[in-house]
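Q: Okay, handing you the structure first.
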Amino acid sequence: MILIIDFGSQFNQLIARRVRECGVYCNIEPPTVSLERIRELDPQGIVLSGGPSSIYAADSPRMDPGVFDLGLPVLGICYGMQFMVDTLGGEVRKSQKREYGFAELRIQHTDPLFKDVPDRNTVWMSHGDSISRVPQGFAVTADTENTPVAAAADYGRRFYGLQFHPEVVHTPKGKTMLRNFLFDVCGCKRNWTMKAFARRAIADIRRQVGDRKVILGLSGGVDSSVTAMLIHRAIGHQLTCIFVDNGLLRMDEARKLKKTFKDHLQINIRFVNARSLFLKALAKVSEPERKRKIIGKRFMEVFEAEARKIEGADFLAQGTLYPDVIESRSAFGGPSAVIKSHHNVGGLPKRMKLKLIEPLQYLFKDEVRKLGKQLGLDPELVWRQPFPGPGLAIRVIGEVSERRLNILREVDHVLVEEIKAAGYYRKLWQSFAVLLPIKSVGIMGDSRTYEHIVAIRAVTSKDAMTADWARLPHDLLGRISNRIINEVRGVNRVVYDISSKPPSTIEWE
Ligand code: XMP
């Protein structure tokens with residue numbers, strides 16, 4: 001395994017992804033991690049990430065310099081390299097100017113990191129300060145026009161530094177360099193597979209839970225579904241899932257879920273029909289944040305009431321993913337990382353004295369999908385697009401009513417059918433419809449109509465932080481519009497949302 005020290009770079013998750021793509025397991029820890037903890041983790045190598053600070057800033061993140069006495073290979077990237085150079089007696093020159101963007105790397109040495117990398121290649125820079133003198137034992141191995149020390153290495157101690165970012169796609173040979181570090185320098189093996197992960201996770205869950213009981217809030221999304229399958233594999237009927245039907249779901253959603261989980265996989269699951277409760281609470285509410293609060297509060301109440309019926313439960317399982325874990329600790333945070341409370345049941349473990357169990361907390365979304373596939377989860381669930389907790393309530397703009405929800409359900413059904421038929425469903429982060437609170441005039445046969453407008457939203461995204469509107473083919477948009485207007489009563493106009501995030505958001509509310 002590889003240990004990545006998080007000095008606060010926005011790219012540190014990318015480093016972890018690249019390492020895992022190479023089939024090597026890695027952990028990200030804050031710089032405050034103790035040497036004991038590092039020894040306990042027993043990594044084969046350490047990567048010091050980049051970060052936004054200057055090594056000269058009073059509050060710049062630093063770690064125990066003893067990290068360089070562990071006898072382990074170290075790769076410092078950007079700030080991580082500067083920290084290494086500064087700590088080992090080299091010199092970092094303070095600079096007011098940032099170097100940002102592409103640069104041509106000129107390799108001067110046959111550095112093992114540069115195996116299969118051409119002598120001239122493009123790299124991506126983002127740094128302020130620069131290294132002016134390398135520590136004793138180091139050699140400068142590459143430069144660029146503006147950066148005399150773009151790479152340096154101490155082959156004896158197996159310390160390597162790169163001033164540029166090998167983890168971003170803008171450094172085309174970056175992955176080769178990381179691979180060289182992992183396999184040639186650290187001697188890692190490709191043993192991080194979902195099969196191995198599942199085996200280990202199942203054994204861990206068995207050990208942790210013993211003969212006690214676990215509760216899980218199942219939403220039907222990929223994270224909670226995979227969590228349910230994994231725990232069910234480990235402890236069978238000691239797991240009970242709770243599914244709350246809040247009346248804000250898509251067409252047939254509860255029925256399909258029941259078929260998959262109860263009938264097919266024989267997982268214990270309790271369905272709670274709370275449709276009228278949610279609808280009543282939402283009556284006459286149109287402000288988006290109020291809708292969210294009402295839904296979150298009701299969900300919590302319904303879930304807790306149901307959970308209390310399960311006698312002797314000791315654990316609450318959640319589908320927390322690795323990015324949530326990393327994001328929930330401050331950039332230079334302490335070792336006691338607080339894990340973000342999820343799925344609107346954040347307060348529950350404390351109130352009910354439940355222990356948390358989060359078997360996906362070291363995985364990225366695409367790894368969860370791979371794991372789901374490995375566990376035999378229905379591909380339809382594995383590839384499900386994200387769906388917000390407040391459901392269709394935030395896609396019926398303005399007041400939510402059963403009638404308006406039904407219109408949107410039918411529209412959404414047609415839309416998903418067409419998107420899937422055209423082979424776009426998996427390529428899009430999300431594709432959905434929004435029912436607008438205004439009507440427009442149309443003509444049907446010989447009569448004038450005055451009916452609802454729906455907006456179609458389809459976006460591509462990697463992580464929902466930013467998103468671009470999808471350039472769907474006009475023919476596909478035409479088919480979607482025709483079918484909706486012809487098949488869904490109450491809708492006479494369809495528009496397509498061509499805004500990106502930022503400045504818009506993905507959802508309309
Ligand atoms: P926005 O609209 O903020 O959405 O660009 C980003 C992602 O988050 C989802 N989303 C939610 N998910 N509860 C959720 O569980 C919510 O209240 C919520 N609001 C937005 C949205 O679908 C998108 O994937």
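Every chain in the structure tokens takes a letter, A first, then B, and so on in the order presented; its residues are numbered from 1, and the ligands are numbered from 1 following the presented order.
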Would you name the residues within 8 Å of ligand 1, counting only C-alpha atoms and all ligand atoms, and put them as a list of chain:residue names?

A: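 Every residue with an atom at most 8 Å from ligand 1 is listed here: A:Arg292, A:His343, A:Pro386, A:Phe387, A:Pro388, A:Gly389, A:Pro390, A:Gly391, A:Ile394, A:Trp429, A:Gln430, A:Ala464, A:Met465, A:Thr466, A:Ala467, A:Lys501, A:Ser504, A:Thr505, A:Ile506, A:Glu507, A:Trp508, A:Glu509.
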
Q: So which residues touch Ile269 (chain A) within 6 Å, counting only C-alpha atoms, skipping near sequence neighbours fewer than 4 positions away, as a ChimeraX atom specification?

A: /A:240-242

Q: With all heavy atoms kept, could you save the residues just selected as a tab-separated table (two decimals), in the first residue's frame?

A:
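What landed in selection-v5.tsv:
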```tsv
chain	number	residue	atom	x	y	z
A	240	THR	N	-31.10	-5.66	8.58
A	240	THR	CA	-32.44	-5.25	8.15
A	240	THR	C	-32.33	-3.89	7.47
A	240	THR	O	-31.76	-2.95	8.04
A	240	THR	CB	-33.39	-5.11	9.37
A	240	THR	OG1	-33.38	-6.34	10.06
A	240	THR	CG2	-34.81	-4.79	8.90
A	241	CYS	N	-32.87	-3.82	6.25
A	241	CYS	CA	-32.88	-2.54	5.55
A	241	CYS	C	-34.24	-1.87	5.76
A	241	CYS	O	-35.26	-2.53	5.87
A	241	CYS	CB	-32.68	-2.76	4.06
A	241	CYS	SG	-31.11	-3.51	3.67
A	242	ILE	N	-34.19	-0.55	5.80
A	242	ILE	CA	-35.45	0.21	5.89
A	242	ILE	C	-35.54	1.08	4.64
A	242	ILE	O	-34.61	1.82	4.32
A	242	ILE	CB	-35.45	1.11	7.15
A	242	ILE	CG1	-35.38	0.23	8.41
A	242	ILE	CG2	-36.70	1.98	7.18
A	242	ILE	CD1	-35.26	1.02	9.70
```

Q: Apply DSSP to the structure's backbone, then extract all residues of region 80-309 of chain A labelled helix (DSSP H, G or I) and return them as JSON, numbers by chain.

A: {"A": [80, 81, 82, 83, 84, 85, 86, 87, 112, 113, 114, 174, 175, 176, 177, 178, 179, 180, 181, 182, 183, 184, 185, 194, 195, 196, 197, 198, 199, 200, 201, 202, 203, 204, 205, 206, 207, 208, 209, 222, 223, 224, 225, 226, 227, 228, 229, 230, 231, 232, 233, 234, 235, 236, 237, 238, 253, 254, 255, 256, 257, 258, 259, 260, 261, 262, 263, 264, 275, 276, 277, 278, 279, 280, 281, 282, 288, 289, 290, 291, 292, 293, 294, 295, 296, 297, 298, 299, 300, 301, 302, 303, 304, 305, 306, 307, 308]}

Q: Residues within 6 Å of Phe7 (chain A), please, as a compact mmCIF listing (two decimals) with C-alpha atoms, in the first residue's frame. Count only C-alpha atoms; anything in the same chain fewer than 6 positions from it doesn't count.

A:
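Wrote it out as part-v8.txt, contents follow:
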```txt
# COMPACT_ATOMS: atom_id res chain seq x y z
CA SER A 49 0.91 15.86 -2.17
CA GLY A 50 0.86 19.41 -3.43
CA GLY A 51 -0.84 22.17 -1.52
```

Q: Counting only C-alpha atoms, which of A:Thr122, A:Gln96, A:Gln10, A:Gln374 gets nearest to Phe197 (chain A)?

A: A:Gln374

Q: To one decimal place in Å, what is the distance between CA of Ile215 (chain A) and CA of Leu239 (chain A)?

A: 5.9 Å

Q: Using only C-alpha atoms for the distances, tell me which of A:Leu415, A:Asp204, A:Arg199, A:Met229 is nearest to Met251 (chain A).

A: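 Among the listed residues, the smallest separation from Met251 (chain A) belongs to A:Leu415.
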
Q: So that I can check the secondary structure, give me every residue of region 237-335 of chain A assigned strand (DSSP E) by backbone DSSP, as a list of chain:residue names.

A: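 Here is the list: A:Leu239, A:Thr240, A:Cys241, A:Ile242, A:Phe243, A:Val244, A:Asp245, A:Ile269, A:Arg270, A:Phe271, A:Val272, A:Asn273, A:Ala313, A:Asp314, A:Phe315, A:Leu316, A:Ala317.
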
Q: Have a look at CA of Pro359 (chain A) and CA of Trp192 (chain A) and let me know their distance in Å, one decimal.

A: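 Spanning CA of Pro359 (chain A) to CA of Trp192 (chain A) is a straight-line distance of 15.8 Å.
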